[in-house]
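Q: After the structure tokens below, expect a handful of questions from me.
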Number of protein chains: 2
Amino acid sequence: MHEPFTVAVLGAGNGAHAMAGHLALKGFTVRLYNKFEEEIVQLRDHGGVTVEGVVEGFGRLELVTTDIASVLDGAYAIMVVLPAFVHRFIAEVCAPHLQDGQVVVLNPGRTGGALEFAKVLREREVTAQVRVAEAQTLIYACRITGPAQVRINSIKRQVPVAAFPATDTGAVLAVARQLFPEFVPAANVLETGFNNIGAIFHPSTTLFNASRIEAGEEFEFYSSITPMVAGFLEAVDGERVATAKAYGVGVDSASDWLSKTYEGIRGDNLYERLQSCAAYQGIKGPKSLKVRYVFEDVPTGLVPIASFAQAAGIPTPASRGIVDIACVMYGRDFWTEGRSMENLGLAGMKVEQVLDYVNRGR
Amino acid sequence: MHEPFTVAVLGAGNGAHAMAGHLALKGFTVRLYNKFEEEIVQLRDHGGVTVEGVVEGFGRLELVTTDIASVLDGAYAIMVVLPAFVHRFIAEVCAPHLQDGQVVVLNPGRTGGALEFAKVLREREVTAQVRVAEAQTLIYACRITGPAQVRINSIKRQVPVAAFPATDTGAVLAVARQLFPEFVPAANVLETGFNNIGAIFHPSTTLFNASRIEAGEEFEFYSSITPMVAGFLEAVDGERVATAKAYGVGVDSASDWLSKTYEGIRGDNLYERLQSCAAYQGIKGPKSLKVRYVFEDVPTGLVPIASFAQAAGIPTPASRGIVDIACVMYGRDFWTEGRSMENLGLAGMKVEQVLDYVNRGR
């Protein structure tokens with residue numbers, strides 16, 4: 001049994017601050033879990049989070065803790081607001097405590113989030129009847145502005161959500177739309193997963209600026225996407241779009257996505273469109289190579305895209321080149337640790353089998 | 001018949017200016033060929049080249065022309081002083097005009113230069129008895145300082161040279177050491193070829209600085225080799241060293257090469273040693289991505305190294321990653337146009353066959 005207004009928010013970053021505060025202000029009973037005590041001390045001391053921006057007020061949190069069991073017990077929906085590279089870990093943390101009827105939503109899933117989460121539950125032999133879904137993107141543009149304080153700059157008008165399997169999407173949305181009416185159904189988790197624009201913009205641009213990033217020099221991230229770098233990104237993006245198409249998913253190119261998402265975009269190619277994007281102006285590049293632009297977007301973006309592509313017979317030299325370079329540079333095997341078809345529970349499947357699996361769960 | 005003191009210098013860059021002027025000052029009759037008229041107008045107008053630095057004087061040139069036939073006719077030695085990516089072209093230009101007894105030396109050959117040159121002569125069914133060799137490096141550190149004027153900052157004390165096949169090395173050196181007593185024999189063209197340090201330092205560093213290079217921003221090339229970039233270079237270098245070893249060639253690591261080549265090198269790893277290298281301080285990065293650091297060092301460095309490695313069963317993910325990225329970024333297939341085993345005349349050969357071939361020509 002679930003108390004209908006209790007929501008678990010997992011995470012303590014910008015998005016988790018915003019979602020916990022916002023849902024509390026909407027009247028839900030909100031509990032927050034995070035692995036690291038030091039990241040939630042302020043939230044507990046303040047008893048909640050002060051929200052400013054397009055939403056304003058103090059969102060009281062019922063519980064702020066590193067104890068997952070007490071957060072999940074009786075929760076209505078479980079909103080995971082964490083980097084995608086910890087989805088596997090968080091699934092393992094949740095597994096023993098999940099209860100019948102709970103809905104898990106990854107905000108967002110990146111590529112393959114719900115598949116990976118569900119695979120962990122299967123491996124852990126979880127018997128609770130739980131539905132797992134992923135949002136295509138985080139609903140907020142937001143930033144922590146102080147202790148227990150967050151600014152929500154905007155709330156997206158529509159955020160596609162898909163469950164794994166897709167036959168569960170309706171049931172998930174029946175719950176999740178009570179939290180966010182902005183959630184709309186996507187065809188399946190391939191549609192939410194292949195719409196991973198961060199995987200296009202972030203890792204390649206980071207590597208083509210690697211020297212000055214490690215040196216801590218200041219530069220503007222999107223301005224650094226010069227014509228040949230933009231051409232490279234378009235090649236990576238073409239691999240993503242071709243792969244999505246092979247699985248029957250229509251996705252916009254990064255270039256078209258920019259034009260649809262932002263006002264005032266001009267130009268015929270990605271380089272021109274990026275340079276005309278006012279929203280990107282002034283965004284600084286990172287000052288360390290130890291960044292989510294690699295640690296998240298390689299294993300939960302380029303790796304699954306290249307892996308799905310391989311199963312569909314689509315060559316991905318650009319995506320693979322970036323992953324290979326990152327493996328050497330970081331001394332990690334992103335191919336093995338990332339979301340390969342195998343790690344998503346799709347080992348050896350062909351396109352039709354993958355579609356059956358994501359749509360019907362078998 | 002060859003007049004014993006006539007030397008052909010092919011090229012019109014820094015090295016060709018230095019070598020033509022220096023050999024003229026040594027008393028040889030020097031003729032200079034270059035494909036592009038505009039690059040030799042000044043040399044012809046001046047009637048030679050003014051040399052300054054460790055050698056000083058005016059070296060008179062007998063002939064400066066775009067007509068290869070008149071330069072090669074009766075030449076004693078043919079010194080090719082051109083980027084390695086034009087070795088194939090220059091072999092084709094020379095092929096119809098070569099004469100019995102001539103010696104060709106590539107200054108330097110990079111990886112596979114003599115093999116590629118010889119393959120062209122074979123394909124063109126050249127019957128003249130010509131010996132083809134390669135130097136491991138350019139004998140000079142030099143720079144054009146004005147019209148028909150060059151500064152030679154230093155002359156290397158020893159430059160290894162190998163002929164293809166190695167049984168010709170003695171005969172080549174009998175001629176070439178009359179020009180440069182600094183030339184010493186190398187075991188074979190694998191030894192000269194695998195000692196390609198430029199292939200380690202140049203392409204990867206260029207790509208990890210690609211954004212600011214294309215933006216035309218000023219930076220110091222070797223200072224930009226930050227710890228993780230240096231770690232990546234060490235991985236590329238480890239692949240080169242392992243490949244050389246598989247073919248029985250002992251080469252220094254780039255890190256050890258630095259310590260042996262320059263004074264005052266300190267530190268245990270490539271990063272520390274590069275930062276301690278006074279000779280590299282102040283060397284500016286390129287201001288365009290259209291540079292020899294890619295156009296030469298990828299197809300005549302990383303491509304042959306990775307190709308030889310593959311035939312020896314040695315994995316080269318770092319080298320291959322850089323080549324793959326460069327192929328996408330430049331819209332060129334460096335694997336096909338570069339010095340693969342196939343393009344060097346070694347298609348399908350195993351290690352032992354390669355050794356027989358480079359040592360004995362069959």
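Labels for the structure tokens follow display order: chains A, B, ..., residues from 1 in each chain, ligands from 1.
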Assign secondary structure with DSSP using the backbone only, and return the residues of stretch 1-80 of chain A in strand (DSSP E or B) as an MDAnalysis selection string.
A: chainID A and resid 6:10 29:33 48:53 57:60 63:65 77:80
Q: Identify every residue of chain A that has at least one atom within 10 Å of any atom of chain B, counting only C-alpha atoms, and report the result as a PyMOL selection string.
A: chain A and resi 204-215+219+221+223-236+289+317-331
Q: With C-alpha atoms retained, write the just-selected residues as a PDB file, in the first residue's frame.
A:
```pdb
ATOM      1  CA  SER A 204      34.033  15.199 -28.310  1.00  0.00           C
ATOM      2  CA  THR A 205      34.177  18.883 -27.430  1.00  0.00           C
ATOM      3  CA  THR A 206      35.868  18.017 -24.148  1.00  0.00           C
ATOM      4  CA  LEU A 207      38.567  15.969 -25.891  1.00  0.00           C
ATOM      5  CA  PHE A 208      39.197  18.625 -28.552  1.00  0.00           C
ATOM      6  CA  ASN A 209      39.817  21.040 -25.673  1.00  0.00           C
ATOM      7  CA  ALA A 210      41.520  18.529 -23.376  1.00  0.00           C
ATOM      8  CA  SER A 211      44.812  20.379 -23.008  1.00  0.00           C
ATOM      9  CA  ARG A 212      43.380  23.682 -21.895  1.00  0.00           C
ATOM     10  CA  ILE A 213      40.738  22.020 -19.736  1.00  0.00           C
ATOM     11  CA  GLU A 214      43.390  20.130 -17.787  1.00  0.00           C
ATOM     12  CA  ALA A 215      45.481  23.314 -17.614  1.00  0.00           C
ATOM     13  CA  PHE A 219      37.128  29.325 -22.328  1.00  0.00           C
ATOM     14  CA  PHE A 221      32.417  25.693 -24.138  1.00  0.00           C
ATOM     15  CA  SER A 223      32.163  28.904 -28.687  1.00  0.00           C
ATOM     16  CA  SER A 224      35.013  26.383 -28.789  1.00  0.00           C
ATOM     17  CA  ILE A 225      33.049  24.318 -31.298  1.00  0.00           C
ATOM     18  CA  THR A 226      34.935  25.630 -34.346  1.00  0.00           C
ATOM     19  CA  PRO A 227      33.950  24.553 -37.883  1.00  0.00           C
ATOM     20  CA  MET A 228      35.961  21.320 -38.049  1.00  0.00           C
ATOM     21  CA  VAL A 229      35.004  20.386 -34.484  1.00  0.00           C
ATOM     22  CA  ALA A 230      31.354  21.048 -35.386  1.00  0.00           C
ATOM     23  CA  GLY A 231      31.829  18.900 -38.482  1.00  0.00           C
ATOM     24  CA  PHE A 232      33.082  16.115 -36.254  1.00  0.00           C
ATOM     25  CA  LEU A 233      30.074  16.494 -33.939  1.00  0.00           C
ATOM     26  CA  GLU A 234      27.799  16.258 -36.976  1.00  0.00           C
ATOM     27  CA  ALA A 235      29.467  12.964 -37.882  1.00  0.00           C
ATOM     28  CA  VAL A 236      28.881  11.630 -34.347  1.00  0.00           C
ATOM     29  CA  LEU A 289      39.009  16.547 -17.268  1.00  0.00           C
ATOM     30  CA  PRO A 317      33.811   5.360 -36.471  1.00  0.00           C
ATOM     31  CA  ALA A 318      33.385   8.821 -34.963  1.00  0.00           C
ATOM     32  CA  SER A 319      31.603   7.678 -31.793  1.00  0.00           C
ATOM     33  CA  ARG A 320      33.934   4.723 -31.392  1.00  0.00           C
ATOM     34  CA  GLY A 321      37.005   6.859 -31.926  1.00  0.00           C
ATOM     35  CA  ILE A 322      35.975   9.151 -29.080  1.00  0.00           C
ATOM     36  CA  VAL A 323      35.228   6.221 -26.766  1.00  0.00           C
ATOM     37  CA  ASP A 324      38.550   4.565 -27.642  1.00  0.00           C
ATOM     38  CA  ILE A 325      40.480   7.761 -26.944  1.00  0.00           C
ATOM     39  CA  ALA A 326      38.635   8.262 -23.655  1.00  0.00           C
ATOM     40  CA  CYS A 327      39.411   4.692 -22.583  1.00  0.00           C
ATOM     41  CA  VAL A 328      43.138   5.296 -23.073  1.00  0.00           C
ATOM     42  CA  MET A 329      43.170   8.792 -21.611  1.00  0.00           C
ATOM     43  CA  TYR A 330      41.210   7.889 -18.475  1.00  0.00           C
ATOM     44  CA  GLY A 331      42.639   4.390 -18.100  1.00  0.00           C
TER      45      GLY A 331
END
```
Q: Need the shell around A:Gly27: protein/DNA/RNA residues with any atom at most 12 Å away, counting only C-alpha atoms. Skip same-chain ones fewer than 2 positions apart. Format as a ChimeraX atom specification?
A: /A:4-7,20-25,29-30,57-62,178-179
Q: Applying 12 Å and only C-alpha atoms, which residues near B:Gly170 remain after dropping the ones on its own chain fewer than 2 positions away? List them as a list in words.
A: Val103, Arg131, Val132, Ala133, Val161, Ala162, Ala163, Phe164, Pro165, Ala166, Thr167, Asp168, Val172, Leu173, Ala174, Val175, Ala176, Arg177, Phe183, Val184, Pro185, Ala186, Ala187 and Asn188 of chain B
Q: Using only C-alpha atoms for the distances, tell me which of B:Ala135, B:Ile90, B:Ile144, B:Val104 is nearest to B:Ala16.
A: B:Ile144
